[in-house]
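Data first, discussion second: the structure below is written as structure tokens.
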Amino acid sequence: MDHHQLFSLCSFSYIFKIKKHLFVSLFLISLLIFSSVVVDVLPFLRIGLLSSSSQTITKECDYSKGRWVRRTSSDNGLLYGEECRFLDSGFRCHKHGRKDSGYLDWRWQPHGCDLPRFNASDFLERSRNGRIVFVGDSIGRNQWESLMCMLSQAIPNKSEIYEVNGNPITKHKGFLSMRFPRQNLTVEYHRTPFLVVIGRPPDKSPKDVKTTVRVDEFNWQSKRWVGSDVLVFNSGHWWNEDKTVLTGCYFEEGRKVNKTMGVMEAFEKSLKTWKSWVLEKLDPDKSYVFFRSYSPVHYRNGTWNTGGLCDADIEPETDKRKMEPDPSHNEYVYKVIEEMRYRHSKLKFLNITYLTEFRKDGHISRYREQGTSVDVPQDCSHWCLPGVPDTWNEILYAQLLSMNYRTK
């Protein structure tokens, strides 16, 4: 073999090796790109944006931080209408004269993730043979009625859904339980603004003590809540001086009235009582427990009893400097929940305060039900429905999905 032939063979071998390495490199790069695409797409498959199958979420997301954005044609529309028969008359703002509807044109967009689409059929199926229970004040009722309307959209014949005791939807009832017979599911509301017992003061109490809040005694209705699959608690709007000490309602502990106990100290003690009840009475393998954060009020130019208003607001707040700081109630709730996590893994803080603080436009304001006196203050605490509480329930559903919720 001469020199030229040897050189040709060596060159061919060298070029072949280069092409081989180049091919392997390109293959590995393609494999990496494909893997990245699969990883990026899988979360969308899981939350149902690319698939209509049952949803699950494997990645934790902080839904409490984000921004309100206008709905577009590609977004889902309203989840229900004001004609929903499970709405208390007092929450139907258009019926009572509200003309604008821009407050319905917004959806919550969390930072760094998306809220999964609310799937009423999936939620009902996951809750089969179960109980979903709301416990708290009238803002909790706002949320309960919202969820009732959201879930009922999956039921073709809505007249099948009924109140187990035959009671009509009215805000004057302290306990309502709506049954979805096809799923053997009840969705309940229990009105207990303080969560603990409120009643007569002990004998020989000072004359100015009309009633007491027993911070160390959990509400007597609580025996009804044992065995529930989902519990959503809230409290806070009654924990202020206007609704306690200024009306002659003081705090009681160990069967003794303590007139020096402040409202927030009493609130903290009541949360410890709630904590003890949850850890003692609820099965951590069965019950999914939420404590919803404080729902902001938006009285302007006064308070609820000094002429405060909110009827001029028709869009969410855009100036964060005008937003109120996080209320101290939330700090106490968050603290006690953190203390409980190691013993109850299915426990979450349903934090809706920040996103709700923007929504000064969503309150009932002056659009009260017929027959209300013109002298009655505006309502800048409760919410028009459909409205802001629908987003709270979308987050509730998302958090349940993140825990692979299903009744047992």
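Going by the structure tokens order, chains are called A, B, ..., each with residues numbered from 1, while ligands are numbered from 1 in the order shown.
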
Next on the checklist: For the helix (DSSP H, G or I) assignment from backbone DSSP, which residues of range 147-369 of chain A qualify? Please present them as a ChimeraX atom specification.
Outcome noted: /A:147-152,158-160,220-224,241-243,245-247,263-281,320-322,328-340,353-357,360-362

Which residues of range 223-316 of chain A sit at most 12 Å from range 143-161 of chain A, using only C-alpha atoms? Give each one's shortest atom pair and distance in Å (one decimal place), in chain and ascending residue order, as a Markdown table.
```
| residue | atom | partner | partner_atom | distance |
| --- | --- | --- | --- | --- |
| A:Leu231 | CA | A:Trp144 | CA | 11.2 |
| A:Val232 | CA | A:Trp144 | CA | 9.3 |
| A:Phe233 | CA | A:Gln143 | CA | 10.8 |
| A:Asn234 | CA | A:Gln143 | CA | 10.3 |
| A:Arg292 | CA | A:Gln143 | CA | 10.2 |
| A:Ser295 | CA | A:Gln143 | CA | 10.7 |
```

Store the residues picked out above in a file with all heavy atoms, as a PDB file, in the first residue's frame.
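Ended up saving to part.pdb:
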```
ATOM      1  N   LEU A 231     -63.742  20.503  55.714  1.00  0.00           N
ATOM      2  CA  LEU A 231     -64.247  21.553  56.594  1.00  0.00           C
ATOM      3  C   LEU A 231     -63.534  22.847  56.255  1.00  0.00           C
ATOM      4  O   LEU A 231     -62.303  22.882  56.170  1.00  0.00           O
ATOM      5  CB  LEU A 231     -64.003  21.211  58.060  1.00  0.00           C
ATOM      6  CG  LEU A 231     -64.896  20.119  58.646  1.00  0.00           C
ATOM      7  CD1 LEU A 231     -64.083  18.851  58.841  1.00  0.00           C
ATOM      8  CD2 LEU A 231     -65.473  20.570  59.982  1.00  0.00           C
ATOM      9  N   VAL A 232     -64.321  23.917  56.070  1.00  0.00           N
ATOM     10  CA  VAL A 232     -63.774  25.243  55.791  1.00  0.00           C
ATOM     11  C   VAL A 232     -64.232  26.169  56.914  1.00  0.00           C
ATOM     12  O   VAL A 232     -65.408  26.526  56.994  1.00  0.00           O
ATOM     13  CB  VAL A 232     -64.241  25.780  54.430  1.00  0.00           C
ATOM     14  CG1 VAL A 232     -63.586  27.130  54.148  1.00  0.00           C
ATOM     15  CG2 VAL A 232     -63.918  24.790  53.313  1.00  0.00           C
ATOM     16  N   PHE A 233     -63.302  26.533  57.799  1.00  0.00           N
ATOM     17  CA  PHE A 233     -63.606  27.415  58.914  1.00  0.00           C
ATOM     18  C   PHE A 233     -63.262  28.861  58.548  1.00  0.00           C
ATOM     19  O   PHE A 233     -62.373  29.113  57.736  1.00  0.00           O
ATOM     20  CB  PHE A 233     -62.782  27.024  60.143  1.00  0.00           C
ATOM     21  CG  PHE A 233     -63.152  25.702  60.748  1.00  0.00           C
ATOM     22  CD1 PHE A 233     -62.504  24.534  60.371  1.00  0.00           C
ATOM     23  CD2 PHE A 233     -64.144  25.614  61.706  1.00  0.00           C
ATOM     24  CE1 PHE A 233     -62.826  23.314  60.934  1.00  0.00           C
ATOM     25  CE2 PHE A 233     -64.488  24.397  62.278  1.00  0.00           C
ATOM     26  CZ  PHE A 233     -63.826  23.237  61.888  1.00  0.00           C
ATOM     27  N   ASN A 234     -63.977  29.782  59.168  1.00  0.00           N
ATOM     28  CA  ASN A 234     -63.551  31.186  59.113  1.00  0.00           C
ATOM     29  C   ASN A 234     -64.064  31.895  60.358  1.00  0.00           C
ATOM     30  O   ASN A 234     -65.084  31.519  60.935  1.00  0.00           O
ATOM     31  CB  ASN A 234     -64.044  31.885  57.849  1.00  0.00           C
ATOM     32  CG  ASN A 234     -65.411  32.515  58.014  1.00  0.00           C
ATOM     33  OD1 ASN A 234     -66.434  31.824  57.943  1.00  0.00           O
ATOM     34  ND2 ASN A 234     -65.459  33.816  58.243  1.00  0.00           N
ATOM     35  N   ARG A 292     -60.034  29.651  56.394  1.00  0.00           N
ATOM     36  CA  ARG A 292     -59.934  30.747  55.432  1.00  0.00           C
ATOM     37  C   ARG A 292     -59.508  32.028  56.126  1.00  0.00           C
ATOM     38  O   ARG A 292     -59.952  32.339  57.232  1.00  0.00           O
ATOM     39  CB  ARG A 292     -61.277  30.966  54.727  1.00  0.00           C
ATOM     40  CG  ARG A 292     -61.202  32.132  53.735  1.00  0.00           C
ATOM     41  CD  ARG A 292     -62.466  32.341  52.959  1.00  0.00           C
ATOM     42  NE  ARG A 292     -63.663  32.511  53.724  1.00  0.00           N
ATOM     43  CZ  ARG A 292     -63.953  33.593  54.461  1.00  0.00           C
ATOM     44  NH1 ARG A 292     -63.080  34.584  54.565  1.00  0.00           N
ATOM     45  NH2 ARG A 292     -65.110  33.666  55.110  1.00  0.00           N
ATOM     46  N   SER A 295     -61.504  38.152  55.245  1.00  0.00           N
ATOM     47  CA  SER A 295     -62.011  38.776  54.023  1.00  0.00           C
ATOM     48  C   SER A 295     -62.067  40.290  54.234  1.00  0.00           C
ATOM     49  O   SER A 295     -62.800  40.765  55.108  1.00  0.00           O
ATOM     50  CB  SER A 295     -63.412  38.246  53.696  1.00  0.00           C
ATOM     51  OG  SER A 295     -64.010  38.975  52.652  1.00  0.00           O
TER      52      SER A 295
END
```

What's the 9 Å shell around Ser127 in chain A, counting only C-alpha atoms, without same-chain residues fewer than 2 positions away, as a PDB file with N, CA, C and O atoms, in the first residue's frame?
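Produced file result_6.pdb, reproduced below:
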```pdb
ATOM      1  N   ASP A 122     -65.955  16.830  38.334  1.00  0.00           N
ATOM      2  CA  ASP A 122     -64.832  16.182  39.006  1.00  0.00           C
ATOM      3  C   ASP A 122     -64.909  16.385  40.517  1.00  0.00           C
ATOM      4  O   ASP A 122     -64.702  15.443  41.296  1.00  0.00           O
ATOM      5  N   PHE A 123     -65.218  17.613  40.939  1.00  0.00           N
ATOM      6  CA  PHE A 123     -65.317  17.908  42.364  1.00  0.00           C
ATOM      7  C   PHE A 123     -66.411  17.048  43.010  1.00  0.00           C
ATOM      8  O   PHE A 123     -66.226  16.474  44.085  1.00  0.00           O
ATOM      9  N   LEU A 124     -67.562  16.946  42.340  1.00  0.00           N
ATOM     10  CA  LEU A 124     -68.658  16.137  42.879  1.00  0.00           C
ATOM     11  C   LEU A 124     -68.279  14.663  42.957  1.00  0.00           C
ATOM     12  O   LEU A 124     -68.585  13.982  43.948  1.00  0.00           O
ATOM     13  N   GLU A 125     -67.609  14.166  41.935  1.00  0.00           N
ATOM     14  CA  GLU A 125     -67.222  12.752  41.930  1.00  0.00           C
ATOM     15  C   GLU A 125     -66.213  12.458  43.030  1.00  0.00           C
ATOM     16  O   GLU A 125     -66.292  11.425  43.707  1.00  0.00           O
ATOM     17  N   ASN A 129     -70.430  10.393  48.435  1.00  0.00           N
ATOM     18  CA  ASN A 129     -70.698   9.823  49.764  1.00  0.00           C
ATOM     19  C   ASN A 129     -70.039  10.628  50.884  1.00  0.00           C
ATOM     20  O   ASN A 129     -69.748  10.082  51.963  1.00  0.00           O
ATOM     21  N   GLY A 130     -69.825  11.912  50.645  1.00  0.00           N
ATOM     22  CA  GLY A 130     -69.109  12.713  51.627  1.00  0.00           C
ATOM     23  C   GLY A 130     -69.886  13.904  52.144  1.00  0.00           C
ATOM     24  O   GLY A 130     -71.083  14.093  51.861  1.00  0.00           O
ATOM     25  N   ARG A 131     -69.180  14.736  52.929  1.00  0.00           N
ATOM     26  CA  ARG A 131     -69.742  15.961  53.500  1.00  0.00           C
ATOM     27  C   ARG A 131     -68.724  17.088  53.345  1.00  0.00           C
ATOM     28  O   ARG A 131     -67.555  16.933  53.717  1.00  0.00           O
ATOM     29  N   ILE A 132     -69.191  18.214  52.807  1.00  0.00           N
ATOM     30  CA  ILE A 132     -68.390  19.436  52.744  1.00  0.00           C
ATOM     31  C   ILE A 132     -69.070  20.440  53.659  1.00  0.00           C
ATOM     32  O   ILE A 132     -70.248  20.758  53.474  1.00  0.00           O
ATOM     33  N   GLN A 183     -74.830  11.940  44.108  1.00  0.00           N
ATOM     34  CA  GLN A 183     -73.503  11.698  44.679  1.00  0.00           C
ATOM     35  C   GLN A 183     -73.571  11.346  46.163  1.00  0.00           C
ATOM     36  O   GLN A 183     -72.534  11.088  46.782  1.00  0.00           O
ATOM     37  N   ASN A 184     -74.773  11.346  46.731  1.00  0.00           N
ATOM     38  CA  ASN A 184     -74.936  11.132  48.172  1.00  0.00           C
ATOM     39  C   ASN A 184     -74.005  12.066  48.943  1.00  0.00           C
ATOM     40  O   ASN A 184     -73.296  11.673  49.866  1.00  0.00           O
ATOM     41  N   LEU A 185     -74.042  13.328  48.572  1.00  0.00           N
ATOM     42  CA  LEU A 185     -73.156  14.356  49.127  1.00  0.00           C
ATOM     43  C   LEU A 185     -73.983  15.461  49.773  1.00  0.00           C
ATOM     44  O   LEU A 185     -74.998  15.878  49.215  1.00  0.00           O
ATOM     45  N   ASP A 229     -65.743  15.368  55.522  1.00  0.00           N
ATOM     46  CA  ASP A 229     -64.602  15.130  54.632  1.00  0.00           C
ATOM     47  C   ASP A 229     -63.832  16.410  54.350  1.00  0.00           C
ATOM     48  O   ASP A 229     -62.602  16.397  54.265  1.00  0.00           O
ATOM     49  N   VAL A 230     -64.544  17.514  54.168  1.00  0.00           N
ATOM     50  CA  VAL A 230     -63.911  18.824  53.965  1.00  0.00           C
ATOM     51  C   VAL A 230     -64.559  19.801  54.927  1.00  0.00           C
ATOM     52  O   VAL A 230     -65.786  19.911  54.979  1.00  0.00           O
ATOM     53  N   TYR A 405     -57.238  14.893  46.799  1.00  0.00           N
ATOM     54  CA  TYR A 405     -58.475  14.719  47.553  1.00  0.00           C
ATOM     55  C   TYR A 405     -59.438  13.749  46.905  1.00  0.00           C
ATOM     56  O   TYR A 405     -59.678  13.795  45.695  1.00  0.00           O
ATOM     57  N   ARG A 406     -59.975  12.872  47.717  1.00  0.00           N
ATOM     58  CA  ARG A 406     -61.067  11.987  47.323  1.00  0.00           C
ATOM     59  C   ARG A 406     -61.637  11.391  48.604  1.00  0.00           C
ATOM     60  O   ARG A 406     -60.895  10.997  49.502  1.00  0.00           O
ATOM     61  N   THR A 407     -62.957  11.351  48.720  1.00  0.00           N
ATOM     62  CA  THR A 407     -63.563  10.818  49.930  1.00  0.00           C
ATOM     63  C   THR A 407     -63.264   9.337  50.050  1.00  0.00           C
ATOM     64  O   THR A 407     -63.080   8.628  49.063  1.00  0.00           O
ATOM     65  N   LYS A 408     -63.240   8.883  51.298  1.00  0.00           N
ATOM     66  CA  LYS A 408     -62.932   7.463  51.565  1.00  0.00           C
ATOM     67  C   LYS A 408     -64.181   6.733  52.032  1.00  0.00           C
ATOM     68  O   LYS A 408     -65.064   7.317  52.638  1.00  0.00           O
TER      69      LYS A 408
END
```

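Residue nearest Gly66 in chain A, chosen from A:Tyr80, A:Trp383, A:Trp108, A:Trp304 and counting only C-alpha atoms: A:Trp108.
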
In range 287-405 of chain A, what's strand (DSSP E) per DSSP? Answer as a PDB file with all heavy atoms, in the first residue's frame?
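Output (selection-v3.pdb):
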```
ATOM      1  N   TYR A 288     -60.142  16.853  55.398  1.00  0.00           N
ATOM      2  CA  TYR A 288     -59.342  17.935  54.823  1.00  0.00           C
ATOM      3  C   TYR A 288     -59.843  19.232  55.459  1.00  0.00           C
ATOM      4  O   TYR A 288     -61.012  19.590  55.303  1.00  0.00           O
ATOM      5  CB  TYR A 288     -59.508  17.981  53.307  1.00  0.00           C
ATOM      6  CG  TYR A 288     -58.976  16.760  52.595  1.00  0.00           C
ATOM      7  CD1 TYR A 288     -59.704  15.564  52.580  1.00  0.00           C
ATOM      8  CD2 TYR A 288     -57.746  16.787  51.939  1.00  0.00           C
ATOM      9  CE1 TYR A 288     -59.214  14.433  51.922  1.00  0.00           C
ATOM     10  CE2 TYR A 288     -57.258  15.678  51.271  1.00  0.00           C
ATOM     11  CZ  TYR A 288     -57.995  14.500  51.272  1.00  0.00           C
ATOM     12  OH  TYR A 288     -57.504  13.392  50.627  1.00  0.00           O
ATOM     13  N   VAL A 289     -58.961  19.904  56.183  1.00  0.00           N
ATOM     14  CA  VAL A 289     -59.369  21.041  57.005  1.00  0.00           C
ATOM     15  C   VAL A 289     -58.718  22.322  56.487  1.00  0.00           C
ATOM     16  O   VAL A 289     -57.507  22.368  56.267  1.00  0.00           O
ATOM     17  CB  VAL A 289     -58.986  20.817  58.481  1.00  0.00           C
ATOM     18  CG1 VAL A 289     -59.484  21.981  59.339  1.00  0.00           C
ATOM     19  CG2 VAL A 289     -59.556  19.499  58.992  1.00  0.00           C
ATOM     20  N   PHE A 290     -59.545  23.355  56.319  1.00  0.00           N
ATOM     21  CA  PHE A 290     -59.073  24.664  55.876  1.00  0.00           C
ATOM     22  C   PHE A 290     -59.537  25.728  56.870  1.00  0.00           C
ATOM     23  O   PHE A 290     -60.647  25.638  57.402  1.00  0.00           O
ATOM     24  CB  PHE A 290     -59.627  25.017  54.486  1.00  0.00           C
ATOM     25  CG  PHE A 290     -59.193  24.089  53.400  1.00  0.00           C
ATOM     26  CD1 PHE A 290     -59.883  22.904  53.169  1.00  0.00           C
ATOM     27  CD2 PHE A 290     -58.096  24.393  52.601  1.00  0.00           C
ATOM     28  CE1 PHE A 290     -59.487  22.036  52.160  1.00  0.00           C
ATOM     29  CE2 PHE A 290     -57.700  23.539  51.591  1.00  0.00           C
ATOM     30  CZ  PHE A 290     -58.387  22.352  51.369  1.00  0.00           C
ATOM     31  N   PHE A 291     -58.680  26.709  57.093  1.00  0.00           N
ATOM     32  CA  PHE A 291     -59.106  27.911  57.808  1.00  0.00           C
ATOM     33  C   PHE A 291     -58.911  29.057  56.836  1.00  0.00           C
ATOM     34  O   PHE A 291     -57.795  29.386  56.465  1.00  0.00           O
ATOM     35  CB  PHE A 291     -58.287  28.132  59.080  1.00  0.00           C
ATOM     36  CG  PHE A 291     -59.000  28.990  60.100  1.00  0.00           C
ATOM     37  CD1 PHE A 291     -59.404  28.453  61.320  1.00  0.00           C
ATOM     38  CD2 PHE A 291     -59.283  30.330  59.840  1.00  0.00           C
ATOM     39  CE1 PHE A 291     -60.075  29.237  62.260  1.00  0.00           C
ATOM     40  CE2 PHE A 291     -59.948  31.116  60.762  1.00  0.00           C
ATOM     41  CZ  PHE A 291     -60.346  30.569  61.986  1.00  0.00           C
ATOM     42  N   ARG A 292     -60.034  29.651  56.394  1.00  0.00           N
ATOM     43  CA  ARG A 292     -59.934  30.747  55.432  1.00  0.00           C
ATOM     44  C   ARG A 292     -59.508  32.028  56.126  1.00  0.00           C
ATOM     45  O   ARG A 292     -59.952  32.339  57.232  1.00  0.00           O
ATOM     46  CB  ARG A 292     -61.277  30.966  54.727  1.00  0.00           C
ATOM     47  CG  ARG A 292     -61.202  32.132  53.735  1.00  0.00           C
ATOM     48  CD  ARG A 292     -62.466  32.341  52.959  1.00  0.00           C
ATOM     49  NE  ARG A 292     -63.663  32.511  53.724  1.00  0.00           N
ATOM     50  CZ  ARG A 292     -63.953  33.593  54.461  1.00  0.00           C
ATOM     51  NH1 ARG A 292     -63.080  34.584  54.565  1.00  0.00           N
ATOM     52  NH2 ARG A 292     -65.110  33.666  55.110  1.00  0.00           N
ATOM     53  N   LEU A 347     -54.229  19.797  56.512  1.00  0.00           N
ATOM     54  CA  LEU A 347     -54.656  21.063  57.065  1.00  0.00           C
ATOM     55  C   LEU A 347     -53.989  22.201  56.305  1.00  0.00           C
ATOM     56  O   LEU A 347     -52.777  22.192  56.103  1.00  0.00           O
ATOM     57  CB  LEU A 347     -54.277  21.130  58.549  1.00  0.00           C
ATOM     58  CG  LEU A 347     -54.496  22.447  59.280  1.00  0.00           C
ATOM     59  CD1 LEU A 347     -55.989  22.741  59.423  1.00  0.00           C
ATOM     60  CD2 LEU A 347     -53.843  22.393  60.656  1.00  0.00           C
ATOM     61  N   LYS A 348     -54.784  23.187  55.867  1.00  0.00           N
ATOM     62  CA  LYS A 348     -54.225  24.291  55.090  1.00  0.00           C
ATOM     63  C   LYS A 348     -54.835  25.630  55.497  1.00  0.00           C
ATOM     64  O   LYS A 348     -55.985  25.706  55.925  1.00  0.00           O
ATOM     65  CB  LYS A 348     -54.446  24.079  53.589  1.00  0.00           C
ATOM     66  CG  LYS A 348     -53.464  23.092  52.950  1.00  0.00           C
ATOM     67  CD  LYS A 348     -53.598  23.086  51.451  1.00  0.00           C
ATOM     68  CE  LYS A 348     -52.582  22.178  50.783  1.00  0.00           C
ATOM     69  NZ  LYS A 348     -51.207  22.731  50.878  1.00  0.00           N
ATOM     70  N   PHE A 349     -54.029  26.664  55.322  1.00  0.00           N
ATOM     71  CA  PHE A 349     -54.463  28.045  55.482  1.00  0.00           C
ATOM     72  C   PHE A 349     -54.932  28.525  54.119  1.00  0.00           C
ATOM     73  O   PHE A 349     -54.139  28.638  53.186  1.00  0.00           O
ATOM     74  CB  PHE A 349     -53.279  28.875  55.988  1.00  0.00           C
ATOM     75  CG  PHE A 349     -53.582  30.325  56.231  1.00  0.00           C
ATOM     76  CD1 PHE A 349     -54.714  30.723  56.921  1.00  0.00           C
ATOM     77  CD2 PHE A 349     -52.703  31.309  55.789  1.00  0.00           C
ATOM     78  CE1 PHE A 349     -54.978  32.065  57.167  1.00  0.00           C
ATOM     79  CE2 PHE A 349     -52.954  32.652  56.030  1.00  0.00           C
ATOM     80  CZ  PHE A 349     -54.095  33.029  56.724  1.00  0.00           C
ATOM     81  N   LEU A 350     -56.228  28.778  53.984  1.00  0.00           N
ATOM     82  CA  LEU A 350     -56.802  29.226  52.712  1.00  0.00           C
ATOM     83  C   LEU A 350     -56.675  30.748  52.658  1.00  0.00           C
ATOM     84  O   LEU A 350     -57.563  31.479  53.111  1.00  0.00           O
ATOM     85  CB  LEU A 350     -58.256  28.777  52.601  1.00  0.00           C
ATOM     86  CG  LEU A 350     -58.974  29.037  51.275  1.00  0.00           C
ATOM     87  CD1 LEU A 350     -58.272  28.321  50.129  1.00  0.00           C
ATOM     88  CD2 LEU A 350     -60.432  28.603  51.363  1.00  0.00           C
ATOM     89  N   HIS A 363     -68.457  44.478  46.290  1.00  0.00           N
ATOM     90  CA  HIS A 363     -69.357  44.402  47.443  1.00  0.00           C
ATOM     91  C   HIS A 363     -70.810  44.711  47.082  1.00  0.00           C
ATOM     92  O   HIS A 363     -71.104  45.318  46.049  1.00  0.00           O
ATOM     93  CB  HIS A 363     -68.886  45.370  48.532  1.00  0.00           C
ATOM     94  CG  HIS A 363     -67.602  44.985  49.170  1.00  0.00           C
ATOM     95  ND1 HIS A 363     -67.473  43.889  50.004  1.00  0.00           N
ATOM     96  CD2 HIS A 363     -66.365  45.553  49.108  1.00  0.00           C
ATOM     97  CE1 HIS A 363     -66.219  43.811  50.423  1.00  0.00           C
ATOM     98  NE2 HIS A 363     -65.526  44.796  49.894  1.00  0.00           N
ATOM     99  N   ILE A 364     -71.687  44.347  47.984  1.00  0.00           N
ATOM    100  CA  ILE A 364     -73.121  44.611  47.817  1.00  0.00           C
ATOM    101  C   ILE A 364     -73.392  46.107  47.838  1.00  0.00           C
ATOM    102  O   ILE A 364     -74.272  46.605  47.126  1.00  0.00           O
ATOM    103  CB  ILE A 364     -73.916  43.896  48.931  1.00  0.00           C
ATOM    104  CG1 ILE A 364     -73.811  42.367  48.733  1.00  0.00           C
ATOM    105  CG2 ILE A 364     -75.364  44.334  48.937  1.00  0.00           C
ATOM    106  CD1 ILE A 364     -74.348  41.571  49.893  1.00  0.00           C
ATOM    107  N   SER A 365     -72.659  46.836  48.635  1.00  0.00           N
ATOM    108  CA  SER A 365     -72.766  48.295  48.797  1.00  0.00           C
ATOM    109  C   SER A 365     -74.227  48.708  49.055  1.00  0.00           C
ATOM    110  O   SER A 365     -74.839  48.262  50.012  1.00  0.00           O
ATOM    111  CB  SER A 365     -72.126  49.023  47.605  1.00  0.00           C
ATOM    112  OG  SER A 365     -72.825  48.804  46.397  1.00  0.00           O
ATOM    113  N   ASP A 379     -73.335  47.995  52.585  1.00  0.00           N
ATOM    114  CA  ASP A 379     -72.675  46.737  52.947  1.00  0.00           C
ATOM    115  C   ASP A 379     -71.391  46.604  52.143  1.00  0.00           C
ATOM    116  O   ASP A 379     -71.416  46.225  50.963  1.00  0.00           O
ATOM    117  CB  ASP A 379     -73.609  45.557  52.665  1.00  0.00           C
ATOM    118  CG  ASP A 379     -73.035  44.226  53.155  1.00  0.00           C
ATOM    119  OD1 ASP A 379     -71.833  44.183  53.480  1.00  0.00           O
ATOM    120  OD2 ASP A 379     -73.785  43.240  53.197  1.00  0.00           O
ATOM    121  N   CYS A 380     -70.273  46.924  52.779  1.00  0.00           N
ATOM    122  CA  CYS A 380     -68.965  46.821  52.131  1.00  0.00           C
ATOM    123  C   CYS A 380     -68.151  45.673  52.733  1.00  0.00           C
ATOM    124  O   CYS A 380     -66.909  45.686  52.705  1.00  0.00           O
ATOM    125  CB  CYS A 380     -68.211  48.136  52.246  1.00  0.00           C
ATOM    126  SG  CYS A 380     -69.122  49.552  51.587  1.00  0.00           S
ATOM    127  N   SER A 381     -68.877  44.692  53.281  1.00  0.00           N
ATOM    128  CA  SER A 381     -68.259  43.480  53.838  1.00  0.00           C
ATOM    129  C   SER A 381     -68.610  42.255  52.993  1.00  0.00           C
ATOM    130  O   SER A 381     -67.730  41.486  52.609  1.00  0.00           O
ATOM    131  CB  SER A 381     -68.727  43.249  55.281  1.00  0.00           C
ATOM    132  OG  SER A 381     -68.358  44.302  56.123  1.00  0.00           O
ATOM    133  N   HIS A 382     -69.916  42.081  52.715  1.00  0.00           N
ATOM    134  CA  HIS A 382     -70.360  40.932  51.933  1.00  0.00           C
ATOM    135  C   HIS A 382     -70.164  41.193  50.441  1.00  0.00           C
ATOM    136  O   HIS A 382     -69.896  42.311  50.022  1.00  0.00           O
ATOM    137  CB  HIS A 382     -71.822  40.621  52.244  1.00  0.00           C
ATOM    138  CG  HIS A 382     -72.047  40.234  53.671  1.00  0.00           C
ATOM    139  ND1 HIS A 382     -72.317  41.160  54.653  1.00  0.00           N
ATOM    140  CD2 HIS A 382     -72.035  39.016  54.284  1.00  0.00           C
ATOM    141  CE1 HIS A 382     -72.462  40.532  55.821  1.00  0.00           C
ATOM    142  NE2 HIS A 382     -72.291  39.232  55.624  1.00  0.00           N
ATOM    143  N   TRP A 383     -70.358  40.123  49.658  1.00  0.00           N
ATOM    144  CA  TRP A 383     -70.011  40.165  48.235  1.00  0.00           C
ATOM    145  C   TRP A 383     -71.191  39.819  47.344  1.00  0.00           C
ATOM    146  O   TRP A 383     -71.987  38.921  47.660  1.00  0.00           O
ATOM    147  CB  TRP A 383     -68.866  39.184  47.956  1.00  0.00           C
ATOM    148  CG  TRP A 383     -67.671  39.469  48.811  1.00  0.00           C
ATOM    149  CD1 TRP A 383     -67.379  38.924  50.031  1.00  0.00           C
ATOM    150  CD2 TRP A 383     -66.627  40.411  48.536  1.00  0.00           C
ATOM    151  NE1 TRP A 383     -66.217  39.461  50.527  1.00  0.00           N
ATOM    152  CE2 TRP A 383     -65.731  40.370  49.640  1.00  0.00           C
ATOM    153  CE3 TRP A 383     -66.361  41.265  47.468  1.00  0.00           C
ATOM    154  CZ2 TRP A 383     -64.583  41.168  49.692  1.00  0.00           C
ATOM    155  CZ3 TRP A 383     -65.226  42.054  47.519  1.00  0.00           C
ATOM    156  CH2 TRP A 383     -64.354  42.009  48.617  1.00  0.00           C
TER     157      TRP A 383
END
```

Next on the checklist: Between CA of Val164 in chain A and CA of Asn142 in chain A, what distance in Å does the model show, to one decimal?
Outcome noted: 19.7 Å

Item to check | Top pick for closest residue to Gln109 in chain A, considering A:Glu188, A:Ile395, A:Leu195, A:Glu252 and counting only C-alpha atoms | outcome: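 Between A:Glu188, A:Ile395, A:Leu195, A:Glu252, the residue approaching Gln109 in chain A most closely is A:Ile395.
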
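If you measure from each of A:Ser328, A:Asn167, A:Thr303, A:Ile352 to Asn393 in chain A using only C-alpha atoms, the closest one turns out to be A:Ile352.
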
Item to check | Residue neighbourhood range 197-206 of chain A, 8 Å, only C-alpha atoms, exclusion window fewer than 6 positions, as a VMD selection string | outcome: chain A and resid 212 to 215 217 to 220 252 255 to 257

Keeping C-alpha atoms, export the residues of the selection given above as a short mmCIF file (atom, residue, chain, number, x, y, z; two decimals), in the first residue's frame.
```
data_model
loop_
_atom_site.label_atom_id
_atom_site.label_comp_id
_atom_site.auth_asym_id
_atom_site.auth_seq_id
_atom_site.Cartn_x
_atom_site.Cartn_y
_atom_site.Cartn_z
CA THR A 212 -69.77 36.28 77.34
CA VAL A 213 -67.59 34.58 74.76
CA ARG A 214 -66.19 31.43 76.38
CA VAL A 215 -62.78 31.31 74.76
CA GLU A 217 -65.18 26.09 75.19
CA PHE A 218 -65.69 25.06 71.58
CA ASN A 219 -69.08 25.59 69.95
CA TRP A 220 -71.72 23.07 70.94
CA GLU A 252 -64.87 34.29 79.86
CA ARG A 255 -65.95 30.03 84.13
CA LYS A 256 -64.70 33.47 85.14
CA VAL A 257 -65.28 36.76 83.35
#
```

Checklist entry - In Å to one decimal, how far is CA of Ser138 in chain A from CA of Phe251 in chain A? => result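 It comes out at 21.7 Å.
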
Checklist outcome for this item: Closest of A:Lys275, A:Lys322, A:Arg107, A:Arg368 to Arg341 in chain A, counting only C-alpha atoms, is A:Lys275

Item to check | Atomic distance CA of Phe358 in chain A - CA of Pro316 in chain A, expressed in Å with one decimal | outcome: 5.3 Å

Checklist entry - Quick one: residues within 9 Å of Val263 in chain A, only C-alpha atoms counted, chain neighbours fewer than 6 positions away excluded, as a count of residues only? => result 7

Checklist entry - Which of these residues is nearest to Val133 in chain A, using only C-alpha atoms: A:Ser228, A:Asn165, A:Asn119, A:Gly112? => result A:Ser228

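Proximity ranking of A:Gly362, A:Pro181, A:Pro377, A:Pro116 relative to Asp313 in chain A places A:Gly362 first, based on only C-alpha atoms.
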